[in-house]
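What follows is the content of data_16.cif (mmCIF, C-alpha atoms and all ligand atoms).
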data_query
#
loop_
_atom_site.group_PDB
_atom_site.id
_atom_site.type_symbol
_atom_site.label_atom_id
_atom_site.label_comp_id
_atom_site.auth_asym_id
_atom_site.auth_seq_id
_atom_site.Cartn_x
_atom_site.Cartn_y
_atom_site.Cartn_z
ATOM 1 C CA MET C 1 61.789 66.490 -101.818
ATOM 2 C CA THR C 2 59.344 63.668 -101.565
ATOM 3 C CA THR C 3 55.653 64.286 -101.554
ATOM 4 C CA ARG C 4 54.938 60.821 -100.234
ATOM 5 C CA ASN C 5 53.274 60.737 -96.841
ATOM 6 C CA PRO C 6 53.969 58.049 -94.277
ATOM 7 C CA ALA C 7 50.684 56.171 -93.772
ATOM 8 C CA LEU C 8 50.281 54.300 -90.488
ATOM 9 C CA LEU C 9 48.568 50.952 -90.897
ATOM 10 C CA ASP C 10 48.052 48.837 -87.783
ATOM 11 C CA ALA C 11 48.523 45.082 -88.231
ATOM 12 C CA PRO C 12 47.986 43.912 -84.641
ATOM 13 C CA SER C 13 48.331 40.195 -85.324
ATOM 14 C CA ASN C 14 49.945 37.837 -82.827
ATOM 15 C CA LEU C 15 48.965 34.764 -84.857
ATOM 16 C CA GLY C 16 52.569 33.842 -85.622
ATOM 17 C CA LEU C 17 53.774 33.325 -82.053
ATOM 18 C CA ARG C 18 53.342 30.573 -79.509
ATOM 19 C CA PRO C 19 51.602 31.432 -76.217
ATOM 20 C CA PRO C 20 54.014 33.207 -73.826
ATOM 21 C CA GLU C 21 52.649 31.030 -71.015
ATOM 22 C CA PRO C 22 49.753 28.599 -70.709
ATOM 23 C CA GLY C 23 46.448 30.421 -70.937
ATOM 24 C CA ALA C 24 47.941 33.691 -72.234
ATOM 25 C CA VAL C 25 48.237 35.150 -75.719
ATOM 26 C CA PRO C 26 51.270 37.053 -77.081
ATOM 27 C CA GLY C 27 51.059 40.749 -76.181
ATOM 28 C CA CYS C 28 52.552 42.181 -79.393
ATOM 29 C CA TYR C 29 49.053 42.914 -80.695
ATOM 30 C CA LYS C 30 49.034 45.860 -78.260
ATOM 31 C CA ALA C 31 52.083 47.523 -79.823
ATOM 32 C CA PRO C 32 50.328 49.798 -82.366
ATOM 33 C CA GLY C 33 48.174 51.227 -79.590
ATOM 34 C CA VAL C 34 51.257 52.135 -77.564
ATOM 35 C CA PHE C 35 53.014 53.709 -80.548
ATOM 36 C CA ARG C 36 49.920 55.740 -81.377
ATOM 37 C CA ASP C 37 49.363 56.798 -77.776
ATOM 38 C CA LEU C 38 52.949 58.037 -77.680
ATOM 39 C CA GLY C 39 52.150 60.299 -80.600
ATOM 40 C CA LEU C 40 53.675 58.424 -83.516
ATOM 41 C CA LEU C 41 50.999 59.515 -86.007
ATOM 42 C CA SER C 42 51.418 63.249 -85.436
ATOM 43 C CA ARG C 43 55.160 63.069 -84.784
ATOM 44 C CA LEU C 44 55.682 61.460 -88.208
ATOM 45 C CA GLY C 45 53.194 63.793 -89.829
ATOM 46 C CA ALA C 46 51.579 60.585 -91.033
ATOM 47 C CA ILE C 47 48.260 59.763 -92.622
ATOM 48 C CA ASP C 48 46.074 57.326 -90.697
ATOM 49 C CA ALA C 49 45.541 54.219 -92.833
ATOM 50 C CA GLY C 50 43.583 52.422 -90.132
ATOM 51 C CA VAL C 51 43.683 48.905 -88.760
ATOM 52 C CA VAL C 52 43.639 45.448 -90.339
ATOM 53 C CA THR C 53 41.829 43.475 -87.648
ATOM 54 C CA PRO C 54 43.143 39.919 -87.332
ATOM 55 C CA PRO C 55 41.136 36.737 -86.775
ATOM 56 C CA ARG C 56 41.008 35.034 -83.387
ATOM 57 C CA TYR C 57 44.220 33.622 -81.935
ATOM 58 C CA LEU C 58 43.926 29.916 -81.195
ATOM 59 C CA PRO C 59 46.495 28.565 -78.727
ATOM 60 C CA ASP C 60 45.970 24.915 -79.684
ATOM 61 C CA TRP C 61 48.560 23.562 -82.022
ATOM 62 C CA THR C 62 49.255 20.211 -83.638
ATOM 63 C CA PRO C 63 52.965 19.424 -84.001
ATOM 64 C CA GLY C 64 53.955 19.332 -87.654
ATOM 65 C CA THR C 65 51.549 22.105 -88.588
ATOM 66 C CA VAL C 66 51.940 25.874 -88.675
ATOM 67 C CA ARG C 67 50.111 27.508 -85.789
ATOM 68 C CA ASN C 68 47.069 29.527 -86.963
ATOM 69 C CA GLU C 69 48.086 28.910 -90.584
ATOM 70 C CA ALA C 70 44.674 29.397 -92.191
ATOM 71 C CA ALA C 71 44.082 32.554 -90.171
ATOM 72 C CA ILE C 72 47.513 33.923 -91.137
ATOM 73 C CA ALA C 73 46.815 33.128 -94.792
ATOM 74 C CA ALA C 74 43.517 35.026 -94.728
ATOM 75 C CA TYR C 75 45.042 37.881 -92.764
ATOM 76 C CA SER C 76 48.036 38.154 -95.115
ATOM 77 C CA ARG C 77 45.704 38.681 -98.085
ATOM 78 C CA GLN C 78 43.965 41.487 -96.185
ATOM 79 C CA VAL C 79 47.267 43.111 -95.219
ATOM 80 C CA ALA C 80 48.439 42.812 -98.828
ATOM 81 C CA ASP C 81 45.328 44.582 -100.127
ATOM 82 C CA ARG C 82 45.660 47.408 -97.624
ATOM 83 C CA VAL C 83 49.392 47.871 -98.303
ATOM 84 C CA THR C 84 48.666 47.864 -102.034
ATOM 85 C CA ALA C 85 46.073 50.612 -101.621
ATOM 86 C CA ILE C 86 48.644 52.821 -99.872
ATOM 87 C CA LEU C 87 51.310 52.128 -102.495
ATOM 88 C CA GLU C 88 48.870 52.882 -105.307
ATOM 89 C CA ARG C 89 48.291 56.383 -104.032
ATOM 90 C CA ASP C 90 52.068 56.807 -103.821
ATOM 91 C CA ASP C 91 52.291 57.061 -100.056
ATOM 92 C CA LEU C 92 54.683 55.181 -97.781
ATOM 93 C CA PRO C 93 53.087 52.400 -95.728
ATOM 94 C CA VAL C 94 54.370 52.197 -92.157
ATOM 95 C CA VAL C 95 52.886 48.928 -90.922
ATOM 96 C CA LEU C 96 52.730 48.477 -87.155
ATOM 97 C CA GLY C 97 52.742 44.848 -86.000
ATOM 98 C CA GLY C 98 52.110 42.522 -84.517
ATOM 99 C CA ASP C 99 54.540 39.690 -84.943
ATOM 100 C CA CYS C 100 56.818 39.074 -87.920
ATOM 101 C CA SER C 101 54.235 36.962 -89.733
ATOM 102 C CA ILE C 102 52.730 40.279 -90.933
ATOM 103 C CA VAL C 103 55.672 40.447 -93.341
ATOM 104 C CA VAL C 104 54.015 37.671 -95.350
ATOM 105 C CA GLY C 105 51.199 40.063 -96.280
ATOM 106 C CA VAL C 106 53.655 42.839 -97.072
ATOM 107 C CA ALA C 107 55.712 40.549 -99.295
ATOM 108 C CA LEU C 108 52.584 39.322 -101.070
ATOM 109 C CA ALA C 109 51.687 42.926 -101.891
ATOM 110 C CA LEU C 110 55.170 43.636 -103.217
ATOM 111 C CA HIS C 111 55.239 40.437 -105.266
ATOM 112 C CA ARG C 112 52.004 41.486 -106.985
ATOM 113 C CA ARG C 113 53.541 44.838 -107.963
ATOM 114 C CA GLY C 114 56.900 43.770 -109.344
ATOM 115 C CA ARG C 115 60.373 42.893 -108.163
ATOM 116 C CA PHE C 116 61.249 44.351 -104.803
ATOM 117 C CA GLY C 117 64.112 44.074 -102.356
ATOM 118 C CA LEU C 118 63.979 43.737 -98.590
ATOM 119 C CA VAL C 119 66.157 45.022 -95.773
ATOM 120 C CA TYR C 120 65.437 42.749 -92.837
ATOM 121 C CA LEU C 121 66.551 44.304 -89.570
ATOM 122 C CA ASP C 122 65.952 41.341 -87.321
ATOM 123 C CA GLY C 123 67.415 38.489 -85.320
ATOM 124 C CA LEU C 124 66.880 36.412 -88.535
ATOM 125 C CA ASP C 125 63.588 34.398 -88.568
ATOM 126 C CA TYR C 126 64.907 31.776 -90.969
ATOM 127 C CA ARG C 127 63.786 28.763 -88.942
ATOM 128 C CA HIS C 128 61.999 26.279 -91.175
ATOM 129 C CA ASP C 129 62.438 22.783 -89.888
ATOM 130 C CA GLY C 130 63.183 20.880 -86.713
ATOM 131 C CA PRO C 131 61.185 20.535 -83.519
ATOM 132 C CA ASP C 132 60.385 24.249 -83.189
ATOM 133 C CA VAL C 133 58.792 24.611 -86.598
ATOM 134 C CA GLY C 134 55.227 25.829 -86.515
ATOM 135 C CA ALA C 135 55.235 29.467 -85.342
ATOM 136 C CA ALA C 136 55.257 31.607 -88.481
ATOM 137 C CA GLY C 137 56.683 34.634 -86.668
ATOM 138 C CA GLY C 138 60.061 32.932 -86.391
ATOM 139 C CA GLU C 139 59.876 31.649 -89.947
ATOM 140 C CA SER C 140 58.790 34.778 -91.770
ATOM 141 C CA LEU C 141 62.048 35.465 -93.577
ATOM 142 C CA ALA C 142 62.121 31.893 -94.868
ATOM 143 C CA LEU C 143 58.474 32.188 -95.948
ATOM 144 C CA VAL C 144 58.848 35.450 -97.874
ATOM 145 C CA THR C 145 61.938 34.176 -99.697
ATOM 146 C CA GLY C 146 60.218 30.999 -100.793
ATOM 147 C CA VAL C 147 60.890 28.378 -98.103
ATOM 148 C CA GLY C 148 57.953 26.800 -96.286
ATOM 149 C CA GLY C 149 54.406 25.675 -96.938
ATOM 150 C CA LEU C 150 51.157 27.409 -97.893
ATOM 151 C CA LEU C 151 52.206 30.789 -96.503
ATOM 152 C CA ALA C 152 55.200 30.927 -98.855
ATOM 153 C CA GLU C 153 52.992 30.911 -101.984
ATOM 154 C CA LEU C 154 49.583 32.403 -101.327
ATOM 155 C CA ASP C 155 49.230 33.390 -104.989
ATOM 156 C CA GLY C 156 50.489 30.014 -106.165
ATOM 157 C CA THR C 157 54.016 31.116 -106.998
ATOM 158 C CA ARG C 158 57.145 31.540 -104.936
ATOM 159 C CA PRO C 159 59.192 33.327 -103.803
ATOM 160 C CA TYR C 160 57.544 36.662 -103.100
ATOM 161 C CA LEU C 161 61.018 38.171 -102.874
ATOM 162 C CA ARG C 162 64.199 36.749 -104.345
ATOM 163 C CA PRO C 163 66.710 35.656 -101.709
ATOM 164 C CA SER C 164 69.394 37.579 -103.596
ATOM 165 C CA ASP C 165 67.299 40.763 -103.273
ATOM 166 C CA THR C 166 67.153 40.348 -99.498
ATOM 167 C CA ILE C 167 69.664 41.566 -96.956
ATOM 168 C CA VAL C 168 69.493 40.756 -93.254
ATOM 169 C CA VAL C 169 71.015 43.467 -91.099
ATOM 170 C CA GLY C 170 71.690 42.793 -87.435
ATOM 171 C CA LEU C 171 71.427 39.023 -87.091
ATOM 172 C CA ARG C 172 73.390 37.605 -84.190
ATOM 173 C CA PRO C 173 76.731 35.861 -84.657
ATOM 174 C CA GLY C 174 76.265 32.124 -84.426
ATOM 175 C CA ASP C 175 72.590 32.083 -85.397
ATOM 176 C CA GLU C 176 71.835 28.445 -86.118
ATOM 177 C CA TYR C 177 70.103 29.204 -89.434
ATOM 178 C CA ALA C 178 72.624 31.744 -90.760
ATOM 179 C CA GLY C 179 74.456 29.137 -92.835
ATOM 180 C CA GLU C 180 71.294 27.975 -94.547
ATOM 181 C CA ALA C 181 70.154 31.529 -95.198
ATOM 182 C CA ALA C 182 73.515 32.389 -96.763
ATOM 183 C CA ALA C 183 73.461 29.200 -98.838
ATOM 184 C CA ALA C 184 70.006 30.170 -100.122
ATOM 185 C CA GLY C 185 71.510 33.417 -101.414
ATOM 186 C CA LEU C 186 70.420 35.894 -98.760
ATOM 187 C CA HIS C 187 72.901 38.604 -97.844
ATOM 188 C CA LEU C 188 73.771 38.837 -94.157
ATOM 189 C CA ILE C 189 75.434 41.537 -92.051
ATOM 190 C CA ASP C 190 75.697 40.570 -88.400
ATOM 191 C CA ALA C 191 75.005 42.937 -85.523
ATOM 192 C CA PRO C 192 78.627 43.471 -84.385
ATOM 193 C CA THR C 193 79.521 44.473 -87.952
ATOM 194 C CA VAL C 194 76.619 46.929 -88.034
ATOM 195 C CA SER C 195 77.649 48.346 -84.658
ATOM 196 C CA ARG C 196 81.171 49.045 -85.873
ATOM 197 C CA ASP C 197 79.883 51.211 -88.731
ATOM 198 C CA PRO C 198 76.096 51.529 -89.114
ATOM 199 C CA LEU C 199 76.363 53.830 -92.128
ATOM 200 C CA LEU C 200 78.589 51.367 -93.942
ATOM 201 C CA ALA C 201 76.041 48.619 -93.278
ATOM 202 C CA ALA C 202 73.219 50.778 -94.630
ATOM 203 C CA ASP C 203 75.277 51.655 -97.691
ATOM 204 C CA GLN C 204 75.977 47.983 -98.345
ATOM 205 C CA ALA C 205 72.235 47.379 -98.315
ATOM 206 C CA LEU C 206 71.648 50.297 -100.658
ATOM 207 C CA ARG C 207 74.355 49.114 -103.060
ATOM 208 C CA LEU C 208 72.558 45.805 -103.262
ATOM 209 C CA LEU C 209 69.041 47.188 -103.654
ATOM 210 C CA GLU C 210 69.291 50.494 -105.516
ATOM 211 C CA HIS C 211 69.480 49.174 -109.037
ATOM 212 C CA ALA C 212 67.371 49.471 -112.124
ATOM 213 C CA GLU C 213 66.042 45.910 -112.098
ATOM 214 C CA LEU C 214 64.364 46.453 -108.740
ATOM 215 C CA ASP C 215 61.150 48.428 -108.402
ATOM 216 C CA GLY C 216 62.118 49.484 -104.882
ATOM 217 C CA PHE C 217 62.753 47.981 -101.474
ATOM 218 C CA TRP C 218 60.990 47.505 -98.141
ATOM 219 C CA VAL C 219 62.456 47.967 -94.650
ATOM 220 C CA HIS C 220 61.439 45.478 -91.940
ATOM 221 C CA ILE C 221 62.319 46.374 -88.352
ATOM 222 C CA ASP C 222 61.921 43.701 -85.702
ATOM 223 C CA ALA C 223 62.404 45.235 -82.254
ATOM 224 C CA ASP C 224 64.519 42.200 -81.371
ATOM 225 C CA VAL C 225 67.309 43.590 -83.539
ATOM 226 C CA ILE C 226 67.940 45.819 -80.511
ATOM 227 C CA ASP C 227 70.224 44.326 -77.873
ATOM 228 C CA GLY C 228 68.223 42.343 -75.319
ATOM 229 C CA GLU C 229 69.859 44.274 -72.484
ATOM 230 C CA LEU C 230 68.466 47.510 -73.886
ATOM 231 C CA LEU C 231 65.010 46.203 -74.804
ATOM 232 C CA ARG C 232 63.544 43.220 -72.978
ATOM 233 C CA ALA C 233 60.009 43.670 -74.266
ATOM 234 C CA VAL C 234 60.209 41.267 -77.214
ATOM 235 C CA ASP C 235 59.335 37.606 -77.722
ATOM 236 C CA SER C 236 62.951 36.393 -77.630
ATOM 237 C CA PRO C 237 65.453 38.978 -76.292
ATOM 238 C CA GLU C 238 68.971 38.199 -77.487
ATOM 239 C CA PRO C 239 72.335 39.708 -76.493
ATOM 240 C CA ASP C 240 74.835 41.292 -78.875
ATOM 241 C CA GLY C 241 72.276 43.371 -80.770
ATOM 242 C CA LEU C 242 72.142 46.976 -81.930
ATOM 243 C CA THR C 243 71.696 50.086 -79.823
ATOM 244 C CA PHE C 244 68.726 52.345 -80.527
ATOM 245 C CA ASP C 245 71.084 54.961 -81.992
ATOM 246 C CA GLU C 246 72.626 52.419 -84.362
ATOM 247 C CA LEU C 247 69.175 51.379 -85.530
ATOM 248 C CA VAL C 248 68.244 55.021 -86.121
ATOM 249 C CA THR C 249 71.421 55.607 -88.132
ATOM 250 C CA VAL C 250 70.754 52.626 -90.396
ATOM 251 C CA VAL C 251 67.067 53.338 -90.963
ATOM 252 C CA ARG C 252 67.533 57.066 -91.517
ATOM 253 C CA ARG C 253 70.050 56.278 -94.245
ATOM 254 C CA LEU C 254 67.709 53.751 -95.862
ATOM 255 C CA LEU C 255 64.831 56.243 -95.774
ATOM 256 C CA ALA C 256 66.971 58.756 -97.646
ATOM 257 C CA SER C 257 66.789 56.483 -100.695
ATOM 258 C CA PRO C 258 64.168 57.363 -103.306
ATOM 259 C CA GLN C 259 63.746 53.604 -103.779
ATOM 260 C CA VAL C 260 62.316 52.879 -100.329
ATOM 261 C CA VAL C 261 58.630 51.936 -100.563
ATOM 262 C CA GLY C 262 57.602 51.040 -97.019
ATOM 263 C CA VAL C 263 58.487 50.114 -93.461
ATOM 264 C CA ASP C 264 57.127 47.704 -90.882
ATOM 265 C CA VAL C 265 57.818 47.416 -87.159
ATOM 266 C CA THR C 266 57.194 44.182 -85.276
ATOM 267 C CA ILE C 267 57.434 42.169 -82.059
ATOM 268 C CA TYR C 268 57.406 44.899 -79.407
ATOM 269 C CA ASP C 269 55.320 43.422 -76.559
ATOM 270 C CA PRO C 270 53.752 45.920 -74.129
ATOM 271 C CA ASP C 271 52.887 43.066 -71.738
ATOM 272 C CA ARG C 272 56.633 42.759 -71.090
ATOM 273 C CA ASP C 273 57.026 46.536 -70.703
ATOM 274 C CA PRO C 274 54.807 47.619 -67.789
ATOM 275 C CA ASP C 275 56.083 51.208 -67.655
ATOM 276 C CA LEU C 276 56.156 51.393 -71.497
ATOM 277 C CA HIS C 277 59.742 52.634 -71.366
ATOM 278 C CA GLY C 278 60.719 50.342 -74.227
ATOM 279 C CA GLY C 279 57.762 51.554 -76.248
ATOM 280 C CA GLN C 280 58.840 55.141 -75.660
ATOM 281 C CA GLN C 281 62.377 54.364 -76.832
ATOM 282 C CA LEU C 282 61.127 52.598 -79.936
ATOM 283 C CA THR C 283 58.711 55.395 -80.788
ATOM 284 C CA ASP C 284 61.458 57.992 -80.340
ATOM 285 C CA ALA C 285 63.773 55.907 -82.540
ATOM 286 C CA LEU C 286 61.191 55.755 -85.331
ATOM 287 C CA VAL C 287 60.617 59.494 -85.164
ATOM 288 C CA LYS C 288 64.367 60.136 -85.324
ATOM 289 C CA ALA C 289 64.735 57.756 -88.247
ATOM 290 C CA PHE C 290 62.104 59.741 -90.164
ATOM 291 C CA ALA C 291 63.543 63.137 -89.160
ATOM 292 C CA ASN C 292 64.881 63.876 -92.645
ATOM 293 C CA TRP C 293 61.965 62.351 -94.551
ATOM 294 C CA ARG C 294 60.777 65.651 -95.980
ATOM 295 C CA ALA C 295 64.133 67.391 -95.966
HETATM 296 MN MN MN C 301 61.466 38.724 -86.367
#
Render the structure in this file as structure tokens.
Amino acid sequence: MTTRNPALLDAPSNLGLRPPEPGAVPGCYKAPGVFRDLGLLSRLGAIDAGVVTPPRYLPDWTPGTVRNEAAIAAYSRQVADRVTAILERDDLPVVLGGDCSIVVGVALALHRRGRFGLVYLDGLDYRHDGPDVGAAGGESLALVTGVGGLLAELDGTRPYLRPSDTIVVGLRPGDEYAGEAAAAGLHLIDAPTVSRDPLLAADQALRLLEHAELDGFWVHIDADVIDGELLRAVDSPEPDGLTFDELVTVVRRLLASPQVVGVDVTIYDPDRDPDLHGGQQLTDALVKAFANWRA
């Protein structure tokens, strides 16, 4: 039986996304408030680790640069320090984003502590060149495994996490960056494969990450790993994703490992979810995934 307590840490940063429409800012910064209002803190029996307040979102962007890069760099150091504080008291950080650029801060914290693995439940986020480059939220997996600019080496070394210690679970078949990610050494299990046998997918991740050379592993959950028909309230809904139940099955299995050190949840956008139905489903899924935490 674990004595570690989940510790909710809000990271309401939308710095890594482009504006959803002219004059508007991405709504994912509202996600932690929805999760908390739906009772996530008490339903997980979690400790409240507070909020890392992000700098101002600036919509202006110069092509060839990373949007809000300096702000994301500063914010990532703050997130890293707060995650480290939770890990040092042997609790389990549950970081509520925000967009996927918050993973940079998480990975920085892990890199400072040792060698850690990553289960990346997401539509991929391995974009790193071409005309769309510049929004760190869609590049976060590349950044944390050593590909990209300043944000990939905030402590002066890269990668934060070895590609070979990283497994993407739930990417979509035909993702345009899947080939590059695989060539870089990342492990990939696509969403249809997960759907056929979610426990097998989780066990493949555990086989990769539960070994003596690793100090533990982190679980990243981007809400866009869920099928876009089931959850529209994300930055880029995509078809052929997981069901909520499949996500629960995978994460519950991962959380049964003594090697798991933390979880983050990203990209849910309450502005695209006026009745908060998607937020309710996500909150319920997280609670179910943690159901056996103290068992
Ligand atoms: Mn993502």
Written as number ranges by chain, what is the full residue list that the PyMOL selection byres (((not hetatm)) within 6 of (chain C and resi 301)) yields on the file shown? C: 100, 122, 125, 138, 222
Would you write out those residues with C-alpha atoms, as a compact mmCIF listing (two decimals), in the coordinates of the input?
# COMPACT_ATOMS: atom_id res chain seq x y z
CA CYS C 100 56.82 39.07 -87.92
CA ASP C 122 65.95 41.34 -87.32
CA ASP C 125 63.59 34.40 -88.57
CA GLY C 138 60.06 32.93 -86.39
CA ASP C 222 61.92 43.70 -85.70
Nearby residues (all atoms listed in the file) at most 8 Å from Ala223 in chain C, same-chain spacing under 4 positions excluded, as a ChimeraX atom specification: /C:122,231,234,265-268,282
Rounded to one decimal, what separation in Å do you get between CA of Cys28 in chain C and CA of Asn14 in chain C?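 Distance reported for this atom pair: 6.1 Å.
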Resolved residues for the PyMOL selection byres (((chain C and resi 187) around 12) and not hetatm) as a JSON list (two decimals) with C-alpha atoms, keeping the file's coordinate frame:
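To be explicit, this is the file written out as part11.json:
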[["chain", "number", "residue", "atom", "x", "y", "z"],
["C", 117, "GLY", "CA", 64.11, 44.07, -102.36],
["C", 118, "LEU", "CA", 63.98, 43.74, -98.59],
["C", 119, "VAL", "CA", 66.16, 45.02, -95.77],
["C", 120, "TYR", "CA", 65.44, 42.75, -92.84],
["C", 121, "LEU", "CA", 66.55, 44.30, -89.57],
["C", 124, "LEU", "CA", 66.88, 36.41, -88.54],
["C", 145, "THR", "CA", 61.94, 34.18, -99.70],
["C", 162, "ARG", "CA", 64.20, 36.75, -104.34],
["C", 163, "PRO", "CA", 66.71, 35.66, -101.71],
["C", 164, "SER", "CA", 69.39, 37.58, -103.60],
["C", 165, "ASP", "CA", 67.30, 40.76, -103.27],
["C", 166, "THR", "CA", 67.15, 40.35, -99.50],
["C", 167, "ILE", "CA", 69.66, 41.57, -96.96],
["C", 168, "VAL", "CA", 69.49, 40.76, -93.25],
["C", 169, "VAL", "CA", 71.02, 43.47, -91.10],
["C", 170, "GLY", "CA", 71.69, 42.79, -87.44],
["C", 171, "LEU", "CA", 71.43, 39.02, -87.09],
["C", 178, "ALA", "CA", 72.62, 31.74, -90.76],
["C", 179, "GLY", "CA", 74.46, 29.14, -92.84],
["C", 180, "GLU", "CA", 71.29, 27.98, -94.55],
["C", 181, "ALA", "CA", 70.15, 31.53, -95.20],
["C", 182, "ALA", "CA", 73.52, 32.39, -96.76],
["C", 183, "ALA", "CA", 73.46, 29.20, -98.84],
["C", 184, "ALA", "CA", 70.01, 30.17, -100.12],
["C", 185, "GLY", "CA", 71.51, 33.42, -101.41],
["C", 186, "LEU", "CA", 70.42, 35.89, -98.76],
["C", 188, "LEU", "CA", 73.77, 38.84, -94.16],
["C", 189, "ILE", "CA", 75.43, 41.54, -92.05],
["C", 190, "ASP", "CA", 75.70, 40.57, -88.40],
["C", 201, "ALA", "CA", 76.04, 48.62, -93.28],
["C", 204, "GLN", "CA", 75.98, 47.98, -98.34],
["C", 205, "ALA", "CA", 72.24, 47.38, -98.32],
["C", 207, "ARG", "CA", 74.36, 49.11, -103.06],
["C", 208, "LEU", "CA", 72.56, 45.80, -103.26],
["C", 209, "LEU", "CA", 69.04, 47.19, -103.65]]
Go through C:Val219, C:Val225, C:Ala46, C:Val106 one by one, measure the shortest atom-to-atom distance of each to Thr84 in chain C using only C-alpha atoms, and give the residue with the smallest value.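 Distance minimum relative to Thr84 in chain C lands on C:Val106.
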Taking the file above as input, evaluate the PyMOL selection byres (((chain C and resi 60-62) around 12) and not hetatm) and report the hits as a short mmCIF file (atom, residue, chain, number, x, y, z; two decimals) with C-alpha atoms, in the frame of the given file.
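File out-v8.cif, as written:
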data_model
loop_
_atom_site.label_atom_id
_atom_site.label_comp_id
_atom_site.auth_asym_id
_atom_site.auth_seq_id
_atom_site.Cartn_x
_atom_site.Cartn_y
_atom_site.Cartn_z
CA LEU C 15 48.96 34.76 -84.86
CA GLY C 16 52.57 33.84 -85.62
CA LEU C 17 53.77 33.33 -82.05
CA ARG C 18 53.34 30.57 -79.51
CA PRO C 19 51.60 31.43 -76.22
CA PRO C 22 49.75 28.60 -70.71
CA GLY C 23 46.45 30.42 -70.94
CA ALA C 24 47.94 33.69 -72.23
CA VAL C 25 48.24 35.15 -75.72
CA ARG C 56 41.01 35.03 -83.39
CA TYR C 57 44.22 33.62 -81.94
CA LEU C 58 43.93 29.92 -81.19
CA PRO C 59 46.50 28.56 -78.73
CA PRO C 63 52.96 19.42 -84.00
CA GLY C 64 53.96 19.33 -87.65
CA THR C 65 51.55 22.10 -88.59
CA VAL C 66 51.94 25.87 -88.68
CA ARG C 67 50.11 27.51 -85.79
CA ASN C 68 47.07 29.53 -86.96
CA GLU C 69 48.09 28.91 -90.58
CA PRO C 131 61.18 20.54 -83.52
CA ASP C 132 60.38 24.25 -83.19
CA VAL C 133 58.79 24.61 -86.60
CA GLY C 134 55.23 25.83 -86.52
CA ALA C 135 55.24 29.47 -85.34
#
Work out how far apart CA of Leu199 in chain C and CA of Glu238 in chain C are and give it in Å to one decimal.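 Result for CA of Leu199 in chain C versus CA of Glu238 in chain C: 22.7 Å, one decimal.
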In Å to one decimal, how far is CA of His211 in chain C from CA of Leu9 in chain C?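 About the pair CA of Leu9 in chain C and CA of His211 in chain C: they are 27.7 Å apart.
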Kindly extract all protein, DNA and RNA residues lying within 12 Å of the coordinates (54.2, 45.9, -106.3) given in the file, considering all atoms listed in the file, and supply them as an MDAnalysis selection string. chainID C and resid 80:81 83:88 90 105:117 160:161 214:218 261:262
How big is the axis-aligned box around all listed atoms of range 62-70 of chain C once 5 Å goes on each side, and where's its centre, in Å to one decimal, as JSON?
{"center_x": 49.3, "center_y": 24.4, "center_z": -87.9, "size_x": 19.3, "size_y": 20.2, "size_z": 18.6}
Top pick for closest residue to Ala70 in chain C, considering C:Pro192, C:Pro55, C:Pro93, C:Pro239 and counting only C-alpha atoms: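 Between C:Pro192, C:Pro55, C:Pro93, C:Pro239, the residue approaching Ala70 in chain C most closely is C:Pro55.
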List every protein, DNA or RNA residue that has an atom no more than 10 Å from (73.1, 58.7, -91.4) in the file's coordinate frame, counting only C-alpha atoms, and report them as an mmCIF file with C-alpha atoms, in the frame of the given file.
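Once everything was written out, this is selection_24.cif:
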data_model
loop_
_atom_site.group_PDB
_atom_site.id
_atom_site.type_symbol
_atom_site.label_atom_id
_atom_site.label_comp_id
_atom_site.auth_asym_id
_atom_site.auth_seq_id
_atom_site.Cartn_x
_atom_site.Cartn_y
_atom_site.Cartn_z
ATOM 1 C CA PRO C 198 76.096 51.529 -89.114
ATOM 2 C CA LEU C 199 76.363 53.830 -92.128
ATOM 3 C CA LEU C 200 78.589 51.367 -93.942
ATOM 4 C CA ALA C 202 73.219 50.778 -94.630
ATOM 5 C CA ASP C 203 75.277 51.655 -97.691
ATOM 6 C CA GLU C 246 72.626 52.419 -84.362
ATOM 7 C CA VAL C 248 68.244 55.021 -86.121
ATOM 8 C CA THR C 249 71.421 55.607 -88.132
ATOM 9 C CA VAL C 250 70.754 52.626 -90.396
ATOM 10 C CA VAL C 251 67.067 53.338 -90.963
ATOM 11 C CA ARG C 252 67.533 57.066 -91.517
ATOM 12 C CA ARG C 253 70.050 56.278 -94.245
ATOM 13 C CA LEU C 254 67.709 53.751 -95.862
ATOM 14 C CA LEU C 255 64.831 56.243 -95.774
ATOM 15 C CA ALA C 256 66.971 58.756 -97.646
ATOM 16 C CA ALA C 289 64.735 57.756 -88.247
ATOM 17 C CA ASN C 292 64.881 63.876 -92.645
#
Please determine, counting all atoms listed in the file, which residue among C:Phe35, C:Tyr29, C:Phe244, C:Trp293 has the shortest atom-to-atom distance to Leu276 in chain C.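 Counting all atoms listed in the file, the residue closest to Leu276 in chain C is C:Phe35.
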Restricting the calculation to all atoms listed in the file, which member of C:Val52, C:Leu96, C:Glu176, C:Gly149 is positioned closest to Arg127 in chain C?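 Once distances to Arg127 in chain C are computed over all atoms listed in the file, the minimum belongs to C:Glu176.
For the set C:Ser101, C:Ser236, C:Thr283, C:Ser195, the residue with the smallest atom-to-atom gap to Leu44 in chain C is C:Thr283, counting all atoms listed in the file.
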Neighbour list for Pro274 in chain C as number ranges by chain, cut-off 12 Å, only C-alpha atoms, skip fewer than 6 positions in-chain: C: 27, 34, 232-233, 280
